[in-house]
Amino acid sequence: MLKNIKPSMPDPIMSLMEAYQQDAHPNKVNLGIGLYYDHQGNIPLMQAVHIAEQRLLEQQRPHAYPPIEGSALFANQIQTLLFGEPIPRIATIQSIGGSGALKLGADFIYHYLSRREIWLPDPTWANHQAIFEGAGLQVNSYPYFDDLSGQLRFEAMLDTLSSLPEGSVVLLHPCCHNPTGTDLDPSQWRTLIHRLQQRRLLPFFDIAYQGFGDGLEEDCFALREILKTDLGFLVSNSFSKNMALYGQRVGGLSVCCDSVESAGRVKGALKTLVRRSYSCPPTHGSQVVETLLSDPQLHQLWESELTSMRQRIKQMRITLAAGLEQGGSTLDYARISHQKGMFSYTGLNEQQVNQLRQQYSIYLVSPGRMCLPGLNLQNVDYVAQAILDVTCPK
Ligand code: LMR
């Protein structure tokens with residue numbers, strides 16, 4: 001049986017990171033996977049995280065089993081970050097990163113809500129499709145972004161969502177849309193949420209980059225708005241990026257219900273799903289988050305570190321766009337400076353992305369998704385020149 005297993009397709013994002021690591025080019029640049037690098041090209045250990053970890057080590061806690069759903073304090077802290085305060089009618093549990101929350105949410109939708117389909121934005125993070133299909137859901141898409149004009153397809157998006165049957169599940173990115181870096185503005189969110197409410201759709205918000213758009217609070221605009229309605233919804237959140245806790249796999253799944261009683265039953269369902277798949281979550285990462293968020297000084301330090309990260313990305317956007325402008329680029333470089341979050345959907349096509357990789361060892365996710373934090377003052381001119389070379393060949 002085992003010898004009949006067919007070869008698997010490599011993951012488009014993770015395999016790129018492996019290829020980058022094996023590349024011996026002295027000027028190689030990793031603009032692929034969504035990782036924050038500092039101005040020296042290193043993945044930072046955030047100071048606030050480091051101090052929280054030291055405190056944990058000093059306490060010499062034993063490694064006991066946590067509750068299936070993770071700690072209650074951690075769940076309250078997630079709700080406070082997302083909604084401004086703990087909300088009793090929301091069931092929140094710890095998850096294995098944001099991806100784990102998406103998988104749990106997908107299983108919940110399939111097994112407890114008997115939904116068999118989901119609608120994803122076109123385009124979206126490549127792994128969304130894999131996660132939801134893997135959970136047995138049929139994956140459909142709704143229009144989101146026009147790569148030619150670099151604009152949101154807001155009217156087309158509304159039209160498609162308006163045509164869906166009641167109870168359809170719709171995945172939304174509240175901020176820092178992956179891969180386009182293009183978000184709805186507050187007035188568009190209000191219009192969209194009104195439409196979701198009219199059509200009685202079930203939104204599933206994936207917020208993996210909170211703090212990388214306009215700020216921790218601002219990035220939750222859509223969540224705070226939908227909370228004012230009577231709609232149920234799901235949220236997956238992650239601390240991979242905003243606390244640089246990638247490998248700790250720490251995140252959460254929240255389900256907003258109509259009452260505290262419903263939330264209790266939903267939490268029971270989520271615990272069943274967790275127990276039968278991995279039993280209970282790991283503890284170190286969530287304890288780091290808990291320690292950090294419980295201490296006002298560490299909280300403040302974390303926020304200021306996150307602000308610097310966001311500003312550095314913005315600076316790199318502006319520097320790259322300026323380099324392209326000065327070189328007379330035919331690329332729509334203006335979009336690079338105004339898109340938000342870690343990514344820019346540059347408009348570079350698959351062939352140009354391949355050329356960048358093969359000739360310059362510059363790695364982007366096809367078609368044209370650039371992870372901006374991979375840029376720094378040492379490599380940004382090299383990248384700008386390479387883009388000029390592949391977009392305006394002499
Ligand atoms: C990305 O989109 O690059 C990140 O979310 C990392 C990942 O797991 O794909």
# chains A, B, ... in the order shown; residues from 1 in each chain; ligands from 1

call {"tool": "closest_atom_pairs", "arguments": {"of": "chain A", "to": "ligand 1", "cutoff": "7 Å", "atoms": "only C-alpha atoms and all ligand atoms", "output": "Markdown table"}}
result
| residue | atom | partner | partner_atom_place_in_ligand_line | distance |
| --- | --- | --- | --- | --- |
| A:Ile13 | CA | ligand 1 | 9 (O) | 5.5 |
| A:Met14 | CA | ligand 1 | 9 (O) | 6.6 |
| A:Gly32 | CA | ligand 1 | 3 (O) | 6.6 |
| A:Ile33 | CA | ligand 1 | 3 (O) | 3.6 |
| A:Gly34 | CA | ligand 1 | 3 (O) | 3.5 |
| A:Leu35 | CA | ligand 1 | 3 (O) | 6.9 |
| A:Trp125 | CA | ligand 1 | 2 (O) | 5.8 |
| A:Asn127 | CA | ligand 1 | 9 (O) | 6.6 |
| A:Asn178 | CA | ligand 1 | 2 (O) | 6.5 |

call {"tool": "write_last_selection", "arguments": {"atoms": "all heavy atoms", "output": "PDB file, in the first residue's frame"}}
result
ATOM      1  N   ILE A  13       4.465  28.165  -0.439  1.00  0.00           N
ATOM      2  CA  ILE A  13       5.142  29.172   0.393  1.00  0.00           C
ATOM      3  C   ILE A  13       6.297  28.544   1.168  1.00  0.00           C
ATOM      4  O   ILE A  13       7.431  29.021   1.135  1.00  0.00           O
ATOM      5  CB  ILE A  13       4.124  29.850   1.343  1.00  0.00           C
ATOM      6  CG1 ILE A  13       3.075  30.616   0.511  1.00  0.00           C
ATOM      7  CG2 ILE A  13       4.832  30.800   2.306  1.00  0.00           C
ATOM      8  CD1 ILE A  13       1.971  31.280   1.296  1.00  0.00           C
ATOM      9  N   MET A  14       6.034  27.429   1.826  1.00  0.00           N
ATOM     10  CA  MET A  14       7.074  26.779   2.641  1.00  0.00           C
ATOM     11  C   MET A  14       8.230  26.274   1.767  1.00  0.00           C
ATOM     12  O   MET A  14       9.401  26.345   2.155  1.00  0.00           O
ATOM     13  CB  MET A  14       6.479  25.605   3.425  1.00  0.00           C
ATOM     14  CG  MET A  14       5.531  26.036   4.535  1.00  0.00           C
ATOM     15  SD  MET A  14       6.434  26.848   5.858  1.00  0.00           S
ATOM     16  CE  MET A  14       5.214  26.959   7.139  1.00  0.00           C
ATOM     17  N   GLY A  32       9.603  36.040   0.393  1.00  0.00           N
ATOM     18  CA  GLY A  32       8.565  35.021   0.195  1.00  0.00           C
ATOM     19  C   GLY A  32       7.634  34.890   1.389  1.00  0.00           C
ATOM     20  O   GLY A  32       6.638  35.610   1.501  1.00  0.00           O
ATOM     21  N   ILE A  33       7.998  33.992   2.295  1.00  0.00           N
ATOM     22  CA  ILE A  33       7.095  33.678   3.408  1.00  0.00           C
ATOM     23  C   ILE A  33       6.849  34.906   4.302  1.00  0.00           C
ATOM     24  O   ILE A  33       7.716  35.765   4.449  1.00  0.00           O
ATOM     25  CB  ILE A  33       7.663  32.500   4.232  1.00  0.00           C
ATOM     26  CG1 ILE A  33       6.614  31.993   5.239  1.00  0.00           C
ATOM     27  CG2 ILE A  33       8.974  32.857   4.914  1.00  0.00           C
ATOM     28  CD1 ILE A  33       6.886  30.598   5.759  1.00  0.00           C
ATOM     29  N   GLY A  34       5.664  34.964   4.892  1.00  0.00           N
ATOM     30  CA  GLY A  34       5.285  36.077   5.764  1.00  0.00           C
ATOM     31  C   GLY A  34       5.985  36.026   7.102  1.00  0.00           C
ATOM     32  O   GLY A  34       5.436  35.550   8.097  1.00  0.00           O
ATOM     33  N   LEU A  35       7.218  36.502   7.114  1.00  0.00           N
ATOM     34  CA  LEU A  35       8.025  36.566   8.335  1.00  0.00           C
ATOM     35  C   LEU A  35       8.530  37.983   8.460  1.00  0.00           C
ATOM     36  O   LEU A  35       8.923  38.579   7.463  1.00  0.00           O
ATOM     37  CB  LEU A  35       9.257  35.676   8.185  1.00  0.00           C
ATOM     38  CG  LEU A  35       9.230  34.234   8.656  1.00  0.00           C
ATOM     39  CD1 LEU A  35      10.501  33.535   8.219  1.00  0.00           C
ATOM     40  CD2 LEU A  35       9.111  34.157  10.167  1.00  0.00           C
ATOM     41  N   TRP A 125      -4.830  33.722   0.811  1.00  0.00           N
ATOM     42  CA  TRP A 125      -3.674  32.921   1.246  1.00  0.00           C
ATOM     43  C   TRP A 125      -3.827  31.504   0.694  1.00  0.00           C
ATOM     44  O   TRP A 125      -4.903  30.894   0.837  1.00  0.00           O
ATOM     45  CB  TRP A 125      -3.653  32.913   2.783  1.00  0.00           C
ATOM     46  CG  TRP A 125      -2.553  32.141   3.416  1.00  0.00           C
ATOM     47  CD1 TRP A 125      -1.244  32.149   3.080  1.00  0.00           C
ATOM     48  CD2 TRP A 125      -2.670  31.253   4.538  1.00  0.00           C
ATOM     49  NE1 TRP A 125      -0.531  31.326   3.916  1.00  0.00           N
ATOM     50  CE2 TRP A 125      -1.397  30.766   4.819  1.00  0.00           C
ATOM     51  CE3 TRP A 125      -3.743  30.830   5.336  1.00  0.00           C
ATOM     52  CZ2 TRP A 125      -1.146  29.873   5.846  1.00  0.00           C
ATOM     53  CZ3 TRP A 125      -3.495  29.943   6.359  1.00  0.00           C
ATOM     54  CH2 TRP A 125      -2.196  29.469   6.620  1.00  0.00           C
ATOM     55  N   ASN A 127      -2.960  28.656   1.593  1.00  0.00           N
ATOM     56  CA  ASN A 127      -3.301  27.559   2.504  1.00  0.00           C
ATOM     57  C   ASN A 127      -4.775  27.560   2.925  1.00  0.00           C
ATOM     58  O   ASN A 127      -5.269  26.565   3.457  1.00  0.00           O
ATOM     59  CB  ASN A 127      -2.392  27.622   3.750  1.00  0.00           C
ATOM     60  CG  ASN A 127      -2.160  26.272   4.375  1.00  0.00           C
ATOM     61  OD1 ASN A 127      -2.260  25.233   3.715  1.00  0.00           O
ATOM     62  ND2 ASN A 127      -1.862  26.260   5.661  1.00  0.00           N
ATOM     63  N   ASN A 178      -3.997  39.125   2.907  1.00  0.00           N
ATOM     64  CA  ASN A 178      -2.936  38.261   2.386  1.00  0.00           C
ATOM     65  C   ASN A 178      -3.473  37.544   1.154  1.00  0.00           C
ATOM     66  O   ASN A 178      -4.406  36.758   1.297  1.00  0.00           O
ATOM     67  CB  ASN A 178      -2.535  37.249   3.479  1.00  0.00           C
ATOM     68  CG  ASN A 178      -1.438  36.300   3.060  1.00  0.00           C
ATOM     69  OD1 ASN A 178      -0.931  36.369   1.951  1.00  0.00           O
ATOM     70  ND2 ASN A 178      -1.073  35.381   3.949  1.00  0.00           N
TER      71      ASN A 178
END

call {"tool": "residues_around", "arguments": {"residues": "Phe145 of chain A", "least_positions_apart": "3", "cutoff": "8 Å", "atoms": "only C-alpha atoms", "output": "PyMOL selection string"}}
result
chain A and resi 122-123+150-153+180+182

call {"tool": "write_last_selection", "arguments": {"atoms": "N, CA, C and O atoms", "output": "PDB file, in the first residue's frame"}}
result
ATOM      1  N   ASP A 122     -10.930  36.061  -3.782  1.00  0.00           N
ATOM      2  CA  ASP A 122     -10.019  35.763  -4.897  1.00  0.00           C
ATOM      3  C   ASP A 122      -9.172  36.988  -5.166  1.00  0.00           C
ATOM      4  O   ASP A 122      -9.712  37.990  -5.611  1.00  0.00           O
ATOM      5  N   PRO A 123      -7.867  36.963  -4.837  1.00  0.00           N
ATOM      6  CA  PRO A 123      -7.101  35.833  -4.314  1.00  0.00           C
ATOM      7  C   PRO A 123      -7.138  35.807  -2.787  1.00  0.00           C
ATOM      8  O   PRO A 123      -7.609  36.743  -2.151  1.00  0.00           O
ATOM      9  N   GLY A 150      -5.045  47.133  -9.783  1.00  0.00           N
ATOM     10  CA  GLY A 150      -4.550  47.241  -8.409  1.00  0.00           C
ATOM     11  C   GLY A 150      -5.633  47.684  -7.439  1.00  0.00           C
ATOM     12  O   GLY A 150      -5.348  48.169  -6.345  1.00  0.00           O
ATOM     13  N   GLN A 151      -6.908  47.504  -7.828  1.00  0.00           N
ATOM     14  CA  GLN A 151      -8.023  47.982  -6.999  1.00  0.00           C
ATOM     15  C   GLN A 151      -8.845  46.827  -6.430  1.00  0.00           C
ATOM     16  O   GLN A 151      -8.922  45.747  -7.022  1.00  0.00           O
ATOM     17  N   LEU A 152      -9.472  47.139  -5.298  1.00  0.00           N
ATOM     18  CA  LEU A 152     -10.448  46.226  -4.705  1.00  0.00           C
ATOM     19  C   LEU A 152     -11.651  46.096  -5.643  1.00  0.00           C
ATOM     20  O   LEU A 152     -12.071  47.096  -6.229  1.00  0.00           O
ATOM     21  N   ARG A 153     -12.223  44.907  -5.739  1.00  0.00           N
ATOM     22  CA  ARG A 153     -13.422  44.737  -6.578  1.00  0.00           C
ATOM     23  C   ARG A 153     -14.652  44.764  -5.667  1.00  0.00           C
ATOM     24  O   ARG A 153     -15.351  43.759  -5.519  1.00  0.00           O
ATOM     25  N   THR A 180      -2.891  40.498  -0.990  1.00  0.00           N
ATOM     26  CA  THR A 180      -2.909  41.751  -1.763  1.00  0.00           C
ATOM     27  C   THR A 180      -2.534  42.994  -0.954  1.00  0.00           C
ATOM     28  O   THR A 180      -2.300  44.051  -1.548  1.00  0.00           O
ATOM     29  N   THR A 182      -4.481  44.816   0.447  1.00  0.00           N
ATOM     30  CA  THR A 182      -5.540  45.782   0.133  1.00  0.00           C
ATOM     31  C   THR A 182      -6.773  45.475   0.972  1.00  0.00           C
ATOM     32  O   THR A 182      -7.336  44.380   0.868  1.00  0.00           O
TER      33      THR A 182
END

call {"tool": "residues_around", "arguments": {"residues": "Phe205 of chain A", "least_positions_apart": "5", "cutoff": "9 Å", "atoms": "only C-alpha atoms", "output": "PDB file with N, CA, C and O atoms, in the first residue's frame"}}
result
ATOM      1  N   VAL A 170     -18.512  32.722   4.764  1.00  0.00           N
ATOM      2  CA  VAL A 170     -17.684  33.624   3.947  1.00  0.00           C
ATOM      3  C   VAL A 170     -16.423  33.977   4.721  1.00  0.00           C
ATOM      4  O   VAL A 170     -16.500  34.513   5.829  1.00  0.00           O
ATOM      5  N   LEU A 171     -15.272  33.678   4.151  1.00  0.00           N
ATOM      6  CA  LEU A 171     -14.018  34.035   4.827  1.00  0.00           C
ATOM      7  C   LEU A 171     -13.619  35.472   4.486  1.00  0.00           C
ATOM      8  O   LEU A 171     -13.647  35.864   3.321  1.00  0.00           O
ATOM      9  N   LEU A 172     -13.242  36.226   5.529  1.00  0.00           N
ATOM     10  CA  LEU A 172     -12.852  37.638   5.346  1.00  0.00           C
ATOM     11  C   LEU A 172     -11.549  37.905   6.091  1.00  0.00           C
ATOM     12  O   LEU A 172     -11.302  37.296   7.135  1.00  0.00           O
ATOM     13  N   HIS A 173     -10.750  38.822   5.550  1.00  0.00           N
ATOM     14  CA  HIS A 173      -9.519  39.240   6.240  1.00  0.00           C
ATOM     15  C   HIS A 173      -9.805  40.621   6.845  1.00  0.00           C
ATOM     16  O   HIS A 173      -9.927  41.591   6.092  1.00  0.00           O
ATOM     17  N   PRO A 174      -9.882  40.766   8.161  1.00  0.00           N
ATOM     18  CA  PRO A 174     -10.203  42.080   8.737  1.00  0.00           C
ATOM     19  C   PRO A 174      -9.138  43.141   8.459  1.00  0.00           C
ATOM     20  O   PRO A 174      -9.444  44.320   8.424  1.00  0.00           O
ATOM     21  N   ALA A 222     -13.425  45.933  11.679  1.00  0.00           N
ATOM     22  CA  ALA A 222     -14.511  45.067  11.184  1.00  0.00           C
ATOM     23  C   ALA A 222     -15.082  44.209  12.312  1.00  0.00           C
ATOM     24  O   ALA A 222     -16.298  43.988  12.393  1.00  0.00           O
ATOM     25  N   LEU A 223     -14.196  43.749  13.209  1.00  0.00           N
ATOM     26  CA  LEU A 223     -14.659  42.880  14.310  1.00  0.00           C
ATOM     27  C   LEU A 223     -15.531  43.672  15.287  1.00  0.00           C
ATOM     28  O   LEU A 223     -16.562  43.189  15.760  1.00  0.00           O
ATOM     29  N   PHE A 233     -20.540  34.826  14.265  1.00  0.00           N
ATOM     30  CA  PHE A 233     -19.354  34.821  13.395  1.00  0.00           C
ATOM     31  C   PHE A 233     -18.206  34.097  14.087  1.00  0.00           C
ATOM     32  O   PHE A 233     -18.248  33.859  15.301  1.00  0.00           O
ATOM     33  N   LEU A 234     -17.194  33.749  13.287  1.00  0.00           N
ATOM     34  CA  LEU A 234     -15.988  33.090  13.810  1.00  0.00           C
ATOM     35  C   LEU A 234     -14.785  34.002  13.568  1.00  0.00           C
ATOM     36  O   LEU A 234     -14.776  34.764  12.593  1.00  0.00           O
ATOM     37  N   VAL A 235     -13.790  33.893  14.444  1.00  0.00           N
ATOM     38  CA  VAL A 235     -12.533  34.634  14.239  1.00  0.00           C
ATOM     39  C   VAL A 235     -11.361  33.709  14.563  1.00  0.00           C
ATOM     40  O   VAL A 235     -11.330  33.094  15.639  1.00  0.00           O
ATOM     41  N   SER A 236     -10.401  33.630  13.637  1.00  0.00           N
ATOM     42  CA  SER A 236      -9.139  32.967  13.967  1.00  0.00           C
ATOM     43  C   SER A 236      -8.100  34.065  14.139  1.00  0.00           C
ATOM     44  O   SER A 236      -8.055  34.998  13.343  1.00  0.00           O
ATOM     45  N   ASN A 237      -7.323  33.981  15.206  1.00  0.00           N
ATOM     46  CA  ASN A 237      -6.258  34.988  15.387  1.00  0.00           C
ATOM     47  C   ASN A 237      -4.949  34.284  15.700  1.00  0.00           C
ATOM     48  O   ASN A 237      -4.927  33.108  16.084  1.00  0.00           O
TER      49      ASN A 237
END

call {"tool": "select_by_dssp", "arguments": {"residues": "segment 153-235 of chain A", "states": "strand (DSSP E)", "output": "PyMOL selection string"}}
result
chain A and resi 169-172+202-207+233-235

call {"tool": "write_last_selection", "arguments": {"atoms": "C-alpha atoms", "output": "mmCIF file, in the first residue's frame"}}
result
data_model
loop_
_atom_site.group_PDB
_atom_site.id
_atom_site.type_symbol
_atom_site.label_atom_id
_atom_site.label_comp_id
_atom_site.auth_asym_id
_atom_site.auth_seq_id
_atom_site.Cartn_x
_atom_site.Cartn_y
_atom_site.Cartn_z
ATOM 1 C CA VAL A 169 -19.877 30.755 5.198
ATOM 2 C CA VAL A 170 -17.684 33.624 3.947
ATOM 3 C CA LEU A 171 -14.018 34.035 4.827
ATOM 4 C CA LEU A 172 -12.852 37.638 5.346
ATOM 5 C CA LEU A 202 -21.828 33.421 8.441
ATOM 6 C CA PRO A 203 -18.530 35.359 8.380
ATOM 7 C CA PHE A 204 -15.274 33.692 9.333
ATOM 8 C CA PHE A 205 -12.650 36.387 9.993
ATOM 9 C CA ASP A 206 -8.993 35.416 9.702
ATOM 10 C CA ILE A 207 -6.834 38.003 11.481
ATOM 11 C CA PHE A 233 -19.354 34.821 13.395
ATOM 12 C CA LEU A 234 -15.988 33.090 13.810
ATOM 13 C CA VAL A 235 -12.533 34.634 14.239
#

call {"tool": "closest_residue", "arguments": {"among": "A:Arg55, A:Arg190, A:Arg195, A:His177", "to": "Asp159 of chain A", "atoms": "only C-alpha atoms"}}
result
A:Arg195

call {"tool": "residues_around", "arguments": {"residues": "segment 215-221 of chain A", "least_positions_apart": "3", "cutoff": "7 Å", "atoms": "only C-alpha atoms", "output": "PDB file with N, CA and C atoms, in the first residue's frame"}}
result
ATOM      1  N   LEU A  82      -9.053  41.595  20.556  1.00  0.00           N
ATOM      2  CA  LEU A  82      -9.883  41.637  19.350  1.00  0.00           C
ATOM      3  C   LEU A  82     -11.083  42.572  19.496  1.00  0.00           C
ATOM      4  N   PRO A 174      -9.882  40.766   8.161  1.00  0.00           N
ATOM      5  CA  PRO A 174     -10.203  42.080   8.737  1.00  0.00           C
ATOM      6  C   PRO A 174      -9.138  43.141   8.459  1.00  0.00           C
ATOM      7  N   CYS A 175      -7.871  42.720   8.298  1.00  0.00           N
ATOM      8  CA  CYS A 175      -6.818  43.703   8.004  1.00  0.00           C
ATOM      9  C   CYS A 175      -5.689  42.999   7.260  1.00  0.00           C
ATOM     10  N   GLN A 210      -2.727  41.275  13.000  1.00  0.00           N
ATOM     11  CA  GLN A 210      -3.216  42.397  13.809  1.00  0.00           C
ATOM     12  C   GLN A 210      -2.034  43.255  14.269  1.00  0.00           C
ATOM     13  N   GLY A 211      -2.117  44.551  14.017  1.00  0.00           N
ATOM     14  CA  GLY A 211      -1.038  45.457  14.423  1.00  0.00           C
ATOM     15  C   GLY A 211      -0.125  45.854  13.268  1.00  0.00           C
ATOM     16  N   PHE A 212      -0.206  45.147  12.163  1.00  0.00           N
ATOM     17  CA  PHE A 212       0.678  45.460  11.030  1.00  0.00           C
ATOM     18  C   PHE A 212       0.017  46.395  10.004  1.00  0.00           C
ATOM     19  N   ARG A 224     -15.101  44.892  15.572  1.00  0.00           N
ATOM     20  CA  ARG A 224     -15.870  45.722  16.512  1.00  0.00           C
ATOM     21  C   ARG A 224     -17.223  46.084  15.891  1.00  0.00           C
ATOM     22  N   GLU A 225     -17.234  46.285  14.578  1.00  0.00           N
ATOM     23  CA  GLU A 225     -18.497  46.647  13.914  1.00  0.00           C
ATOM     24  C   GLU A 225     -19.466  45.472  13.899  1.00  0.00           C
TER      25      GLU A 225
END

call {"tool": "closest_residue", "arguments": {"among": "A:Pro373, A:Gly181, A:Gly341, A:Gly105", "to": "Ser254 of chain A", "atoms": "only C-alpha atoms"}}
result
A:Gly105

call {"tool": "select_by_dssp", "arguments": {"residues": "segment 123-281 of chain A", "states": "alpha helix (DSSP H)", "output": "MDAnalysis selection string"}}
result
chainID A and resid 126:134 154:162 186:199 221:227 260:277

call {"tool": "residues_around", "arguments": {"residues": "Asp258 of chain A", "least_positions_apart": "3", "cutoff": "12 Å", "atoms": "only C-alpha atoms", "output": "NGL selection string"}}
result
:A and (87-91 or 227-233 or 255 or 261-266)

call {"tool": "write_last_selection", "arguments": {"atoms": "N, CA and C atoms", "output": "short mmCIF file (atom, residue, chain, number, x, y, z; two decimals), in the first residue's frame"}}
result
data_model
loop_
_atom_site.label_atom_id
_atom_site.label_comp_id
_atom_site.auth_asym_id
_atom_site.auth_seq_id
_atom_site.Cartn_x
_atom_site.Cartn_y
_atom_site.Cartn_z
N ILE A 87 -16.00 39.26 26.19
CA ILE A 87 -17.42 39.27 25.80
C ILE A 87 -18.00 37.90 26.16
N PRO A 88 -18.91 37.83 27.14
CA PRO A 88 -19.39 36.52 27.61
C PRO A 88 -20.06 35.66 26.53
N ARG A 89 -20.66 36.29 25.50
CA ARG A 89 -21.32 35.45 24.48
C ARG A 89 -20.36 34.98 23.38
N ILE A 90 -19.06 35.20 23.59
CA ILE A 90 -18.07 34.67 22.64
C ILE A 90 -17.32 33.50 23.29
N ALA A 91 -17.29 32.39 22.58
CA ALA A 91 -16.51 31.22 23.04
C ALA A 91 -15.13 31.31 22.39
N LEU A 227 -19.65 43.06 15.85
CA LEU A 227 -20.10 42.75 17.21
C LEU A 227 -21.36 43.54 17.57
N LYS A 228 -21.57 44.67 16.89
CA LYS A 228 -22.76 45.50 17.17
C LYS A 228 -24.02 44.88 16.57
N THR A 229 -23.85 43.89 15.69
CA THR A 229 -25.02 43.29 15.03
C THR A 229 -25.44 42.02 15.78
N ASP A 230 -26.49 41.38 15.26
CA ASP A 230 -26.94 40.13 15.89
C ASP A 230 -26.40 38.91 15.14
N LEU A 231 -25.41 39.13 14.26
CA LEU A 231 -24.89 37.99 13.48
C LEU A 231 -23.91 37.15 14.30
N GLY A 232 -23.96 35.85 14.13
CA GLY A 232 -22.93 34.98 14.67
C GLY A 232 -21.73 35.05 13.74
N PHE A 233 -20.54 34.83 14.26
CA PHE A 233 -19.35 34.82 13.40
C PHE A 233 -18.21 34.10 14.09
N VAL A 255 -15.79 32.14 18.68
CA VAL A 255 -17.08 32.01 18.00
C VAL A 255 -18.07 32.89 18.74
N GLU A 261 -25.31 31.13 27.03
CA GLU A 261 -25.62 29.68 27.04
C GLU A 261 -25.14 29.03 25.74
N SER A 262 -25.45 29.68 24.61
CA SER A 262 -25.00 29.11 23.32
C SER A 262 -23.48 29.04 23.29
N ALA A 263 -22.84 30.09 23.81
CA ALA A 263 -21.37 30.12 23.79
C ALA A 263 -20.81 28.95 24.60
N GLY A 264 -21.46 28.62 25.69
CA GLY A 264 -21.02 27.49 26.51
C GLY A 264 -21.10 26.18 25.73
N ARG A 265 -22.20 26.03 24.99
CA ARG A 265 -22.35 24.78 24.21
C ARG A 265 -21.35 24.74 23.05
N VAL A 266 -21.13 25.90 22.43
CA VAL A 266 -20.15 25.95 21.33
C VAL A 266 -18.77 25.62 21.86
#

call {"tool": "closest_residue", "arguments": {"among": "A:Gln198, A:Gln358, A:Leu324, A:Gln138", "to": "Cys392 of chain A", "atoms": "only C-alpha atoms"}}
result
A:Leu324

call {"tool": "closest_residue", "arguments": {"among": "A:Ser163, A:Ser294, A:Thr346, A:Gln355", "to": "Ser149 of chain A", "atoms": "only C-alpha atoms"}}
result
A:Thr346

call {"tool": "closest_residue", "arguments": {"among": "A:Asn349, A:Ser304, A:Ser329, A:Gln287", "to": "Leu56 of chain A", "atoms": "only C-alpha atoms"}}
result
A:Gln287
